[in-house]
$ cat my_file19.txt   # compact mmCIF, C-alpha atoms and all ligand atoms
# COMPACT_ATOMS: atom_id res chain seq x y z
CA MET G 79 0.00 0.00 0.00
CA LYS G 80 1.40 3.43 -0.96
CA PRO G 81 1.76 5.85 2.00
CA GLU G 82 -0.71 8.37 0.52
CA ALA G 83 -3.26 5.56 0.00
CA ALA G 84 -2.90 4.56 3.66
CA THR G 85 -3.44 8.17 4.72
CA ASN G 86 -6.52 8.43 2.54
CA LEU G 87 -7.91 5.17 3.94
CA GLU G 88 -7.42 6.21 7.55
CA GLU G 89 -8.65 9.74 6.95
CA VAL G 90 -11.82 8.68 5.15
CA ILE G 91 -12.66 6.07 7.77
CA SER G 92 -12.08 8.48 10.63
CA LEU G 93 -14.13 11.25 8.97
CA GLU G 94 -17.08 8.94 8.32
CA GLU G 95 -16.96 7.62 11.84
CA ARG G 96 -16.83 11.11 13.24
CA TYR G 97 -19.55 12.71 11.12
CA GLN G 98 -21.93 9.91 10.15
CA LEU G 99 -24.34 8.23 12.56
CA ALA G 100 -22.97 4.81 13.43
CA THR G 101 -25.91 2.82 12.05
CA TYR G 102 -24.00 0.46 9.73
CA LYS G 103 -21.43 -2.24 10.31
CA LYS G 104 -18.90 -1.54 7.58
CA MET G 105 -16.17 -3.46 5.83
CA PRO G 106 -12.75 -1.77 6.01
CA ILE G 107 -12.86 -0.76 2.34
CA VAL G 108 -12.85 2.78 0.94
CA ALA G 109 -14.67 2.18 -2.34
CA ASP G 110 -13.22 4.41 -5.02
CA ARG G 111 -14.45 3.14 -8.36
CA GLY G 112 -16.20 0.20 -9.90
CA ASP G 113 -16.00 -1.70 -13.16
CA GLY G 114 -18.35 -4.59 -13.90
CA VAL G 115 -18.06 -7.12 -11.10
CA TRP G 116 -15.07 -5.35 -9.54
CA ILE G 117 -14.78 -2.66 -6.89
CA TYR G 118 -11.49 -0.79 -6.64
CA ALA G 119 -10.55 0.57 -3.22
CA SER G 120 -8.71 3.85 -2.73
CA ASN G 121 -5.56 1.91 -1.82
CA GLY G 122 -5.62 0.26 -5.26
CA GLU G 123 -6.86 -3.12 -4.07
CA ARG G 124 -9.44 -4.86 -6.22
CA TYR G 125 -12.46 -6.70 -4.77
CA LEU G 126 -14.68 -9.23 -6.51
CA ASP G 127 -18.19 -8.01 -5.72
CA LEU G 128 -20.61 -10.87 -5.12
CA TYR G 129 -22.94 -8.63 -3.14
CA GLY G 130 -23.62 -5.79 -5.58
CA GLY G 131 -24.03 -3.18 -2.84
CA HIS G 132 -27.24 -4.88 -1.56
CA ALA G 133 -28.38 -6.30 -4.93
CA VAL G 134 -28.28 -2.86 -6.56
CA ALA G 135 -25.48 -3.20 -9.12
CA ALA G 136 -27.35 -5.58 -11.42
CA THR G 137 -25.83 -4.23 -14.61
CA GLY G 138 -22.39 -4.28 -12.99
CA HIS G 139 -20.60 -1.22 -11.70
CA CYS G 140 -20.57 1.74 -14.08
CA HIS G 141 -22.01 -0.03 -17.11
CA SER G 142 -21.03 2.22 -20.02
CA HIS G 143 -24.56 2.38 -21.49
CA VAL G 144 -26.07 3.41 -18.14
CA VAL G 145 -23.35 5.95 -17.37
CA LYS G 146 -23.70 7.51 -20.82
CA ALA G 147 -27.49 7.82 -20.47
CA ILE G 148 -27.16 9.47 -17.05
CA LYS G 149 -24.51 11.91 -18.30
CA GLU G 150 -26.55 12.85 -21.36
CA GLN G 151 -29.64 13.43 -19.25
CA ALA G 152 -27.63 15.45 -16.71
CA ASP G 153 -26.51 17.78 -19.49
CA LYS G 154 -30.12 18.35 -20.58
CA LEU G 155 -32.26 18.53 -17.42
CA LEU G 156 -31.51 17.22 -13.93
CA PHE G 157 -35.04 17.32 -12.64
CA TYR G 158 -38.54 18.49 -13.01
CA SER G 159 -41.49 17.09 -11.11
CA ASN G 160 -44.59 15.26 -12.33
CA LEU G 161 -46.27 18.57 -13.04
CA VAL G 162 -44.80 18.33 -16.53
CA TYR G 163 -44.45 15.53 -19.06
CA SER G 164 -41.00 14.21 -19.84
CA GLU G 165 -39.65 12.02 -22.61
CA ALA G 166 -37.28 10.31 -20.15
CA ARG G 167 -40.23 9.37 -17.91
CA ALA G 168 -42.47 8.33 -20.80
CA ARG G 169 -39.77 6.01 -22.21
CA ALA G 170 -38.95 4.49 -18.80
CA ALA G 171 -42.60 3.75 -18.01
CA GLU G 172 -43.16 2.24 -21.47
CA LYS G 173 -40.05 0.08 -21.24
CA LEU G 174 -40.77 -1.13 -17.71
CA VAL G 175 -44.37 -2.06 -18.53
CA SER G 176 -43.22 -3.79 -21.73
CA ILE G 177 -41.07 -6.30 -19.82
CA ALA G 178 -43.66 -6.91 -17.08
CA PRO G 179 -46.30 -9.67 -17.12
CA ASP G 180 -49.16 -8.59 -19.43
CA VAL G 181 -51.70 -7.69 -16.75
CA LEU G 182 -49.38 -5.18 -15.06
CA THR G 183 -50.04 -2.19 -17.24
CA LYS G 184 -49.22 0.94 -15.25
CA ALA G 185 -46.25 2.22 -13.25
CA PHE G 186 -45.94 4.57 -10.29
CA PHE G 187 -42.40 5.83 -9.67
CA CYS G 188 -40.93 6.62 -6.28
CA ASN G 189 -37.48 6.54 -4.72
CA SER G 190 -36.87 3.36 -2.73
CA GLY G 191 -38.10 -0.10 -1.89
CA THR G 192 -39.79 0.87 1.34
CA GLU G 193 -41.62 3.71 -0.39
CA ALA G 194 -42.79 1.37 -3.16
CA ASN G 195 -44.20 -0.97 -0.50
CA GLU G 196 -45.91 1.87 1.40
CA ASN G 197 -47.63 2.94 -1.80
CA ALA G 198 -48.54 -0.63 -2.75
CA MET G 199 -50.26 -1.17 0.60
CA ARG G 200 -52.02 2.17 0.31
CA MET G 201 -53.27 1.28 -3.18
CA ALA G 202 -54.56 -2.07 -1.88
CA ARG G 203 -56.49 -0.25 0.86
CA MET G 204 -57.87 2.25 -1.66
CA THR G 205 -58.89 -0.52 -4.05
CA THR G 206 -60.65 -2.71 -1.49
CA GLY G 207 -61.86 -0.17 1.08
CA ARG G 208 -60.35 -2.47 3.73
CA ASN G 209 -57.44 -1.91 6.11
CA LYS G 210 -55.57 -5.03 7.20
CA ILE G 211 -52.44 -6.43 5.59
CA ILE G 212 -51.17 -10.01 5.87
CA THR G 213 -47.44 -10.59 5.49
CA PHE G 214 -45.25 -13.58 6.30
CA SER G 215 -42.71 -14.54 8.92
CA GLY G 216 -39.21 -13.94 7.53
CA GLY G 217 -40.21 -11.29 4.98
CA PHE G 218 -38.43 -7.92 4.92
CA HIS G 219 -40.29 -4.97 3.45
CA GLY G 220 -38.41 -1.83 4.54
CA ARG G 221 -37.99 0.59 7.42
CA THR G 222 -40.69 3.26 7.05
CA ALA G 223 -43.73 2.97 9.34
CA ASP G 224 -46.11 0.77 7.35
CA ALA G 225 -43.38 -1.34 5.74
CA ILE G 226 -41.54 -2.04 8.99
CA SER G 227 -44.86 -2.94 10.63
CA ALA G 228 -45.26 -5.52 7.84
CA THR G 229 -41.80 -6.96 8.53
CA PHE G 230 -41.95 -10.02 10.75
CA LEU G 231 -38.23 -10.67 10.76
CA GLY G 232 -35.96 -10.51 13.78
CA LYS G 233 -35.91 -7.20 15.62
CA TYR G 234 -37.03 -4.97 12.75
CA ARG G 235 -40.68 -4.65 13.71
CA GLU G 236 -39.66 -3.69 17.26
CA LEU G 237 -37.53 -0.86 15.83
CA GLY G 238 -40.64 0.59 14.22
CA LYS G 239 -42.71 0.84 17.43
CA PRO G 240 -45.41 2.04 17.71
CA ASN G 241 -46.40 -0.10 14.73
CA VAL G 242 -49.13 0.75 12.27
CA PRO G 243 -52.21 -1.23 13.37
CA GLY G 244 -53.77 -3.98 11.27
CA HIS G 245 -50.67 -5.96 10.29
CA LEU G 246 -51.12 -9.72 10.59
CA GLN G 247 -48.44 -12.39 10.45
CA ALA G 248 -48.82 -15.70 8.59
CA GLU G 249 -46.24 -18.48 8.25
CA PHE G 250 -44.29 -18.41 4.98
CA GLY G 251 -45.08 -21.53 2.97
CA ASP G 252 -48.15 -22.40 5.05
CA ILE G 253 -51.32 -21.45 3.18
CA ASN G 254 -53.58 -22.49 6.05
CA SER G 255 -52.03 -19.89 8.33
CA ALA G 256 -52.88 -17.19 5.75
CA ARG G 257 -56.33 -18.63 5.16
CA ALA G 258 -57.11 -18.42 8.89
CA LEU G 259 -56.41 -14.66 8.88
CA ALA G 260 -57.88 -13.72 5.49
CA ASP G 261 -61.29 -12.36 6.45
CA ASP G 262 -63.18 -9.49 4.81
CA SER G 263 -61.18 -6.83 6.66
CA VAL G 264 -57.98 -7.79 4.78
CA ALA G 265 -56.91 -5.47 1.95
CA ALA G 266 -53.72 -7.21 0.85
CA ILE G 267 -51.45 -10.18 1.20
CA MET G 268 -47.89 -9.06 0.57
CA LEU G 269 -44.94 -11.37 0.20
CA GLU G 270 -41.29 -11.36 -0.68
CA PRO G 271 -41.37 -14.33 -3.07
CA ILE G 272 -37.82 -15.32 -2.22
CA GLN G 273 -37.08 -14.16 1.32
CA SER G 274 -33.58 -12.78 0.93
CA MET G 275 -32.68 -11.35 4.35
CA ALA G 276 -34.17 -14.38 6.10
CA GLY G 277 -31.49 -16.52 4.43
CA VAL G 278 -32.87 -16.92 0.89
CA ARG G 279 -36.00 -18.93 1.66
CA MET G 280 -38.39 -20.05 -1.07
CA ALA G 281 -41.75 -21.78 -0.89
CA GLU G 282 -43.11 -24.55 -3.13
CA PRO G 283 -44.68 -23.32 -6.41
CA SER G 284 -48.04 -24.57 -5.14
CA PHE G 285 -47.86 -22.11 -2.22
CA TYR G 286 -47.80 -19.07 -4.53
CA ARG G 287 -50.72 -20.53 -6.51
CA ALA G 288 -52.69 -21.14 -3.31
CA VAL G 289 -52.07 -17.55 -2.16
CA ARG G 290 -53.33 -16.27 -5.52
CA GLU G 291 -56.46 -18.41 -5.25
CA LEU G 292 -57.07 -17.26 -1.68
CA CYS G 293 -56.82 -13.62 -2.76
CA ASP G 294 -59.20 -14.18 -5.68
CA GLU G 295 -61.68 -16.00 -3.50
CA ARG G 296 -61.77 -13.30 -0.81
CA GLY G 297 -61.32 -10.12 -2.86
CA ILE G 298 -57.81 -9.45 -1.51
CA ILE G 299 -55.04 -7.67 -3.45
CA LEU G 300 -51.86 -9.74 -3.91
CA ILE G 301 -48.60 -7.77 -3.69
CA TYR G 302 -45.21 -9.21 -4.59
CA ASP G 303 -42.33 -7.30 -3.04
CA GLU G 304 -39.82 -7.82 -5.85
CA VAL G 305 -37.40 -5.21 -4.56
CA GLN G 306 -34.72 -7.93 -4.62
CA THR G 307 -36.13 -10.56 -6.97
CA GLY G 308 -37.14 -8.12 -9.73
CA ILE G 309 -35.19 -6.80 -12.73
CA GLY G 310 -33.48 -10.01 -13.73
CA ARG G 311 -32.03 -11.24 -10.47
CA THR G 312 -33.63 -14.69 -10.71
CA GLY G 313 -32.66 -15.12 -14.37
CA GLU G 314 -36.07 -13.81 -15.42
CA TRP G 315 -37.26 -10.23 -15.38
CA PHE G 316 -39.61 -10.93 -12.45
CA PHE G 317 -40.51 -13.73 -10.07
CA ALA G 318 -44.11 -12.83 -11.02
CA GLY G 319 -45.17 -15.11 -13.84
CA SER G 320 -42.18 -17.44 -13.38
CA GLU G 321 -42.26 -21.22 -13.25
CA ALA G 322 -40.83 -21.16 -9.72
CA GLY G 323 -43.98 -19.33 -8.67
CA ASP G 324 -46.30 -21.55 -10.76
CA GLY G 325 -46.85 -18.68 -13.20
CA VAL G 326 -48.71 -16.61 -10.62
CA VAL G 327 -48.98 -12.88 -11.35
CA PRO G 328 -49.91 -10.58 -8.45
CA ASP G 329 -52.01 -7.41 -8.65
CA ILE G 330 -49.07 -5.20 -7.66
CA VAL G 331 -45.31 -5.71 -8.00
CA THR G 332 -42.93 -3.43 -6.12
CA LEU G 333 -39.40 -2.71 -7.36
CA ALA G 334 -36.30 -0.73 -6.38
CA LYS G 335 -32.61 -1.72 -5.92
CA ALA G 336 -31.47 -2.86 -9.39
CA LEU G 337 -33.99 -0.70 -11.24
CA GLY G 338 -31.68 2.30 -11.62
CA SER G 339 -28.26 0.61 -11.42
CA GLY G 340 -27.54 2.70 -8.31
CA ILE G 341 -29.52 5.88 -8.98
CA PRO G 342 -32.23 5.77 -6.26
CA VAL G 343 -35.54 4.76 -7.80
CA GLY G 344 -38.49 2.58 -6.84
CA ALA G 345 -41.67 1.62 -8.64
CA CYS G 346 -45.04 -0.08 -8.29
CA LEU G 347 -46.46 -1.93 -11.28
CA VAL G 348 -50.23 -2.41 -11.08
CA THR G 349 -53.15 -3.98 -12.93
CA GLU G 350 -55.89 -1.99 -14.65
CA LYS G 351 -58.23 -2.90 -11.81
CA VAL G 352 -55.96 -1.35 -9.17
CA ALA G 353 -55.22 1.63 -11.43
CA SER G 354 -58.94 2.33 -11.79
CA HIS G 355 -59.18 3.06 -8.04
CA ILE G 356 -56.29 5.53 -7.91
CA LYS G 357 -57.19 9.13 -8.59
CA GLU G 358 -55.30 12.37 -9.01
CA ASN G 359 -53.35 13.32 -5.87
CA ASP G 360 -53.97 9.95 -4.15
CA LEU G 361 -50.23 9.21 -4.32
CA GLY G 362 -47.21 11.39 -4.86
CA THR G 363 -43.58 12.07 -4.08
CA THR G 364 -41.46 14.99 -5.22
CA PHE G 365 -38.56 13.07 -6.70
CA GLY G 366 -40.52 10.13 -8.15
CA GLY G 367 -40.11 9.98 -11.92
CA GLY G 368 -37.24 12.48 -11.97
CA MET G 369 -35.34 12.64 -15.24
CA ILE G 370 -31.98 11.29 -14.07
CA ALA G 371 -33.63 8.29 -12.41
CA MET G 372 -35.80 7.67 -15.47
CA ALA G 373 -32.81 7.77 -17.82
CA ALA G 374 -31.11 5.27 -15.52
CA VAL G 375 -34.15 2.95 -15.55
CA THR G 376 -34.40 2.81 -19.34
CA ALA G 377 -30.67 2.33 -19.77
CA THR G 378 -30.57 -0.37 -17.06
CA LEU G 379 -33.29 -2.39 -18.78
CA GLU G 380 -31.64 -1.92 -22.18
CA ALA G 381 -28.24 -2.98 -20.84
CA ILE G 382 -29.68 -6.16 -19.33
CA GLU G 383 -31.36 -6.93 -22.65
CA GLU G 384 -28.50 -6.02 -24.95
CA ASP G 385 -25.91 -7.95 -22.94
CA ASP G 386 -28.18 -10.99 -22.63
CA MET G 387 -27.81 -10.90 -18.87
CA LEU G 388 -30.88 -13.03 -18.09
CA GLU G 389 -29.40 -15.89 -20.08
CA ASN G 390 -26.04 -15.26 -18.42
CA VAL G 391 -27.61 -15.52 -14.96
CA ARG G 392 -29.18 -18.89 -15.80
CA THR G 393 -26.01 -20.34 -17.33
CA VAL G 394 -23.65 -19.08 -14.64
CA GLU G 395 -26.01 -20.14 -11.84
CA ALA G 396 -25.96 -23.70 -13.19
CA TYR G 397 -22.16 -23.58 -13.39
CA LEU G 398 -21.86 -22.27 -9.83
CA ARG G 399 -24.21 -24.93 -8.47
CA ALA G 400 -22.19 -27.64 -10.21
CA ARG G 401 -18.89 -26.31 -8.89
CA LEU G 402 -20.23 -25.93 -5.34
CA LYS G 403 -20.74 -29.69 -5.24
CA GLU G 404 -16.95 -29.86 -4.78
CA ILE G 405 -17.31 -28.27 -1.35
CA GLU G 406 -18.86 -30.62 1.15
CA GLN G 407 -19.20 -27.89 3.80
CA VAL G 408 -21.86 -26.29 1.56
CA VAL G 409 -24.80 -28.46 2.54
CA ASN G 410 -27.46 -26.69 0.47
CA VAL G 411 -27.77 -23.96 -2.14
CA ARG G 412 -31.03 -22.02 -1.84
CA GLY G 413 -32.66 -19.50 -4.14
CA ARG G 414 -32.63 -18.85 -7.86
CA GLY G 415 -30.44 -17.12 -10.38
CA PHE G 416 -28.15 -14.63 -8.69
CA LEU G 417 -30.10 -14.53 -5.42
CA LEU G 418 -28.43 -17.46 -3.74
CA GLY G 419 -27.99 -18.61 -0.15
CA LEU G 420 -25.13 -21.02 0.46
CA GLU G 421 -25.98 -22.97 3.57
CA PHE G 422 -23.00 -24.19 5.55
CA ALA G 423 -22.92 -26.85 8.22
CA ASP G 424 -21.63 -24.18 10.66
CA ALA G 425 -21.68 -20.40 10.98
CA ALA G 426 -21.17 -18.49 7.72
CA ARG G 427 -19.70 -15.30 9.25
CA PRO G 428 -16.11 -16.63 9.55
CA ILE G 429 -16.34 -17.63 5.88
CA HIS G 430 -17.60 -14.18 4.97
CA GLU G 431 -14.62 -12.65 6.79
CA ALA G 432 -12.09 -15.05 5.29
CA LEU G 433 -13.44 -14.28 1.81
CA LEU G 434 -13.04 -10.59 2.52
CA ASP G 435 -9.39 -11.21 3.45
CA ARG G 436 -9.09 -12.70 -0.04
CA ARG G 437 -10.80 -9.61 -1.45
CA ILE G 438 -14.13 -11.21 -2.23
CA ILE G 439 -17.25 -9.41 -1.00
CA ALA G 440 -20.23 -11.66 -0.13
CA GLY G 441 -23.20 -11.15 2.19
CA THR G 442 -24.57 -12.70 5.35
CA SER G 443 -28.24 -12.94 6.38
CA SER G 444 -30.35 -13.38 9.47
CA ASP G 445 -29.76 -17.14 9.13
CA ALA G 446 -26.32 -17.53 10.73
CA LYS G 447 -25.41 -20.48 8.52
CA VAL G 448 -26.18 -18.81 5.21
CA LEU G 449 -23.77 -16.86 3.03
CA ARG G 450 -25.70 -14.69 0.57
CA LEU G 451 -24.65 -13.96 -3.00
CA LEU G 452 -26.29 -11.09 -4.90
CA PRO G 453 -23.73 -10.39 -7.63
CA PRO G 454 -24.08 -8.24 -10.74
CA LEU G 455 -25.97 -10.08 -13.47
CA CYS G 456 -22.88 -9.96 -15.70
CA LEU G 457 -20.79 -12.18 -13.40
CA GLY G 458 -18.98 -14.81 -15.48
CA LYS G 459 -17.67 -18.35 -15.06
CA GLU G 460 -14.12 -17.08 -14.63
CA GLU G 461 -15.10 -15.20 -11.48
CA ILE G 462 -17.07 -18.20 -10.25
CA ASP G 463 -13.82 -20.17 -10.49
CA LEU G 464 -12.02 -17.51 -8.45
CA PHE G 465 -14.74 -17.64 -5.81
CA VAL G 466 -15.06 -21.42 -5.58
CA ASP G 467 -11.29 -21.92 -5.53
CA ALA G 468 -10.97 -19.37 -2.70
CA LEU G 469 -13.83 -21.01 -0.83
CA ARG G 470 -12.29 -24.46 -1.21
CA GLN G 471 -8.95 -23.26 0.12
CA LEU G 472 -10.40 -21.46 3.09
CA VAL G 473 -12.74 -24.23 4.24
CA ARG G 474 -9.78 -26.62 4.04
CA ALA G 475 -7.71 -24.22 6.17
CA GLN G 476 -10.39 -23.87 8.86
C1 LIG L 1 -37.34 -7.38 -0.22
C2 LIG L 1 -37.08 -5.95 0.21
N1 LIG L 1 -38.10 -5.10 0.28
C3 LIG L 1 -37.92 -3.81 0.64
C4 LIG L 1 -36.67 -3.33 0.94
C5 LIG L 1 -36.49 -1.89 1.31
O1 LIG L 1 -35.86 -1.23 0.27
P1 LIG L 1 -35.14 0.19 0.53
O2 LIG L 1 -33.96 -0.07 1.39
O3 LIG L 1 -34.80 0.67 -0.85
O4 LIG L 1 -36.15 1.05 1.20
C6 LIG L 1 -35.56 -4.19 0.88
C7 LIG L 1 -34.21 -3.71 1.25
O5 LIG L 1 -33.32 -4.43 1.54
C8 LIG L 1 -35.78 -5.53 0.50
O6 LIG L 1 -34.77 -6.39 0.44
$ encode --input "my_file19.txt" --output "structure tokens"
Amino acid sequence: MKPEAATNLEEVISLEERYQLATYKKMPIVADRGDGVWIYASNGERYLDLYGGHAVAATGHCHSHVVKAIKEQADKLLFYSNLVYSEARARAAEKLVSIAPDVLTKAFFCNSGTEANENAMRMARMTTGRNKIITFSGGFHGRTADAISATFLGKYRELGKPNVPGHLQAEFGDINSARALADDSVAAIMLEPIQSMAGVRMAEPSFYRAVRELCDERGIILIYDEVQTGIGRTGEWFFAGSEAGDGVVPDIVTLAKALGSGIPVGACLVTEKVASHIKENDLGTTFGGGMIAMAAVTATLEAIEEDDMLENVRTVEAYLRARLKEIEQVVNVRGRGFLLGLEFADAARPIHEALLDRRIIAGTSSDAKVLRLLPPLCLGKEEIDLFVDALRQLVRAQ
């Protein structure tokens, strides 16, 4: 490490610790620039990024098409609100709806995952005239009041006290537990189709079908929180409509994270039926649909398409699963596409730390035995080899 790099590292860390609230446990990396699946630290070290900054960097870091679109938009107009029309917004909405399952025909843009979920729940209440929301144990939906009240995972709900009333908890994968709660005061059932933070938990395809049928039977709106699973992460644009979910399409899909390749943006995609209940001024947010974010959305979707990233995710996932068979300490691989939970026989945190020593960034979860991978969708077989070889060496050394 060069002396000036060391100074920069220490100075940046000490400044952040002094001036930023200490709400995050950080890795000792000063991220300086990114390129594809790599993050370069200010001391010149290069890290393989299998975490994507919380599943955000789907197109890889600084994808040239996305960067160009943002720069061009920045030169023209940084922002104007929804009081005017905008070509950037029109194109983004058209593109996003065009890749969504057919019945999801309209978009509402906001700024984050939690905000998308707040608006989805509000739309369900407006559509049904009912108040209660059923969500599932292990799901994570965000940290604003309604979303955190819907989050039955670890300590999160406690952090949001006093909770918004009317949130009911069912058991993920157990349709009878949802059925027992789903009376005519329930507006929505919301679920994270693959529960990422809980350790990458999936249900059987028949569960998603049964939830859809329950909603249809009792006039309840079905919301998929696809903040993590959406925009290609599972090797398909959405979990909605996928084989893993028995082809089920919900009434509302919420999105954020990957949608803008790192420019903050969230969205709700809704059916005509839901849209018909939402009137002028029912929803709103100053920055939603801003031009920079909209340019980033269109370019993100184009980059995924043009680089055939969905196909890449499927091929490379299969390769990773095959290679992981070499490591007997990995007892199970959960999830789909590039939302994977590697279950170890023992705690995953020491593995996470040992990988970091080898300059590989992975994630943990609320399941202590699960190492989470949420890499950019352009990750290749070569980098899988780097990862699996490092993993093999370090489990042997432990
Ligand atoms: C499934 C899911 N929903 C909602 C959120 C909240 O998104 P945001 O942090 O953008 O508010 C997250 C964030 O991790 C998430 O994983």
$ residues_around --input "my_file19.txt" --residues "Ala396 (chain G)" --least-positions-apart "5" --cutoff "10 Å" --atoms "all atoms listed in the file" --output "number ranges by chain"
G: 390-391, 401-402, 414-415
$ atom_distance --input "my_file19.txt" --atom1 "CA of Leu300 (chain G)" --atom2 "CA of Gly325 (chain G)"
13.8 Å
$ closest_residue --input "my_file19.txt" --among "G:Gly297, G:Gly441, G:Pro179, G:Gly367" --to "Ile429 (chain G)" --atoms "all atoms listed in the file"
G:Gly441
$ closest_residue --input "my_file19.txt" --among "G:Val181, G:Val331, G:Ala100, G:Leu128" --to "ligand LIG 1 (chain L)" --atoms "all atoms listed in the file"
G:Val331
$ residues_near_ligand --input "my_file19.txt" --ligand "ligand LIG 1 (chain L)" --cutoff "9 Å" --atoms "all atoms listed in the file" --output "ChimeraX atom specification"
/G:132-133,189-195,217-222,225,269-275,303-307,332-335,342-344
$ write_last_selection --input "my_file19.txt" --atoms "C-alpha atoms" --output "PDB file, in the frame of the given file"
ATOM      1  CA  HIS G 132     -27.240  -4.880  -1.560  1.00  0.00           C
ATOM      2  CA  ALA G 133     -28.380  -6.300  -4.930  1.00  0.00           C
ATOM      3  CA  ASN G 189     -37.480   6.540  -4.720  1.00  0.00           C
ATOM      4  CA  SER G 190     -36.870   3.360  -2.730  1.00  0.00           C
ATOM      5  CA  GLY G 191     -38.100  -0.100  -1.890  1.00  0.00           C
ATOM      6  CA  THR G 192     -39.790   0.870   1.340  1.00  0.00           C
ATOM      7  CA  GLU G 193     -41.620   3.710  -0.390  1.00  0.00           C
ATOM      8  CA  ALA G 194     -42.790   1.370  -3.160  1.00  0.00           C
ATOM      9  CA  ASN G 195     -44.200  -0.970  -0.500  1.00  0.00           C
ATOM     10  CA  GLY G 217     -40.210 -11.290   4.980  1.00  0.00           C
ATOM     11  CA  PHE G 218     -38.430  -7.920   4.920  1.00  0.00           C
ATOM     12  CA  HIS G 219     -40.290  -4.970   3.450  1.00  0.00           C
ATOM     13  CA  GLY G 220     -38.410  -1.830   4.540  1.00  0.00           C
ATOM     14  CA  ARG G 221     -37.990   0.590   7.420  1.00  0.00           C
ATOM     15  CA  THR G 222     -40.690   3.260   7.050  1.00  0.00           C
ATOM     16  CA  ALA G 225     -43.380  -1.340   5.740  1.00  0.00           C
ATOM     17  CA  LEU G 269     -44.940 -11.370   0.200  1.00  0.00           C
ATOM     18  CA  GLU G 270     -41.290 -11.360  -0.680  1.00  0.00           C
ATOM     19  CA  PRO G 271     -41.370 -14.330  -3.070  1.00  0.00           C
ATOM     20  CA  ILE G 272     -37.820 -15.320  -2.220  1.00  0.00           C
ATOM     21  CA  GLN G 273     -37.080 -14.160   1.320  1.00  0.00           C
ATOM     22  CA  SER G 274     -33.580 -12.780   0.930  1.00  0.00           C
ATOM     23  CA  MET G 275     -32.680 -11.350   4.350  1.00  0.00           C
ATOM     24  CA  ASP G 303     -42.330  -7.300  -3.040  1.00  0.00           C
ATOM     25  CA  GLU G 304     -39.820  -7.820  -5.850  1.00  0.00           C
ATOM     26  CA  VAL G 305     -37.400  -5.210  -4.560  1.00  0.00           C
ATOM     27  CA  GLN G 306     -34.720  -7.930  -4.620  1.00  0.00           C
ATOM     28  CA  THR G 307     -36.130 -10.560  -6.970  1.00  0.00           C
ATOM     29  CA  THR G 332     -42.930  -3.430  -6.120  1.00  0.00           C
ATOM     30  CA  LEU G 333     -39.400  -2.710  -7.360  1.00  0.00           C
ATOM     31  CA  ALA G 334     -36.300  -0.730  -6.380  1.00  0.00           C
ATOM     32  CA  LYS G 335     -32.610  -1.720  -5.920  1.00  0.00           C
ATOM     33  CA  PRO G 342     -32.230   5.770  -6.260  1.00  0.00           C
ATOM     34  CA  VAL G 343     -35.540   4.760  -7.800  1.00  0.00           C
ATOM     35  CA  GLY G 344     -38.490   2.580  -6.840  1.00  0.00           C
TER      36      GLY G 344
END
$ closest_residue --input "my_file19.txt" --among "G:Asp463, G:Glu249, G:Glu165, G:Glu384" --to "His143 (chain G)" --atoms "all atoms listed in the file"
G:Glu384
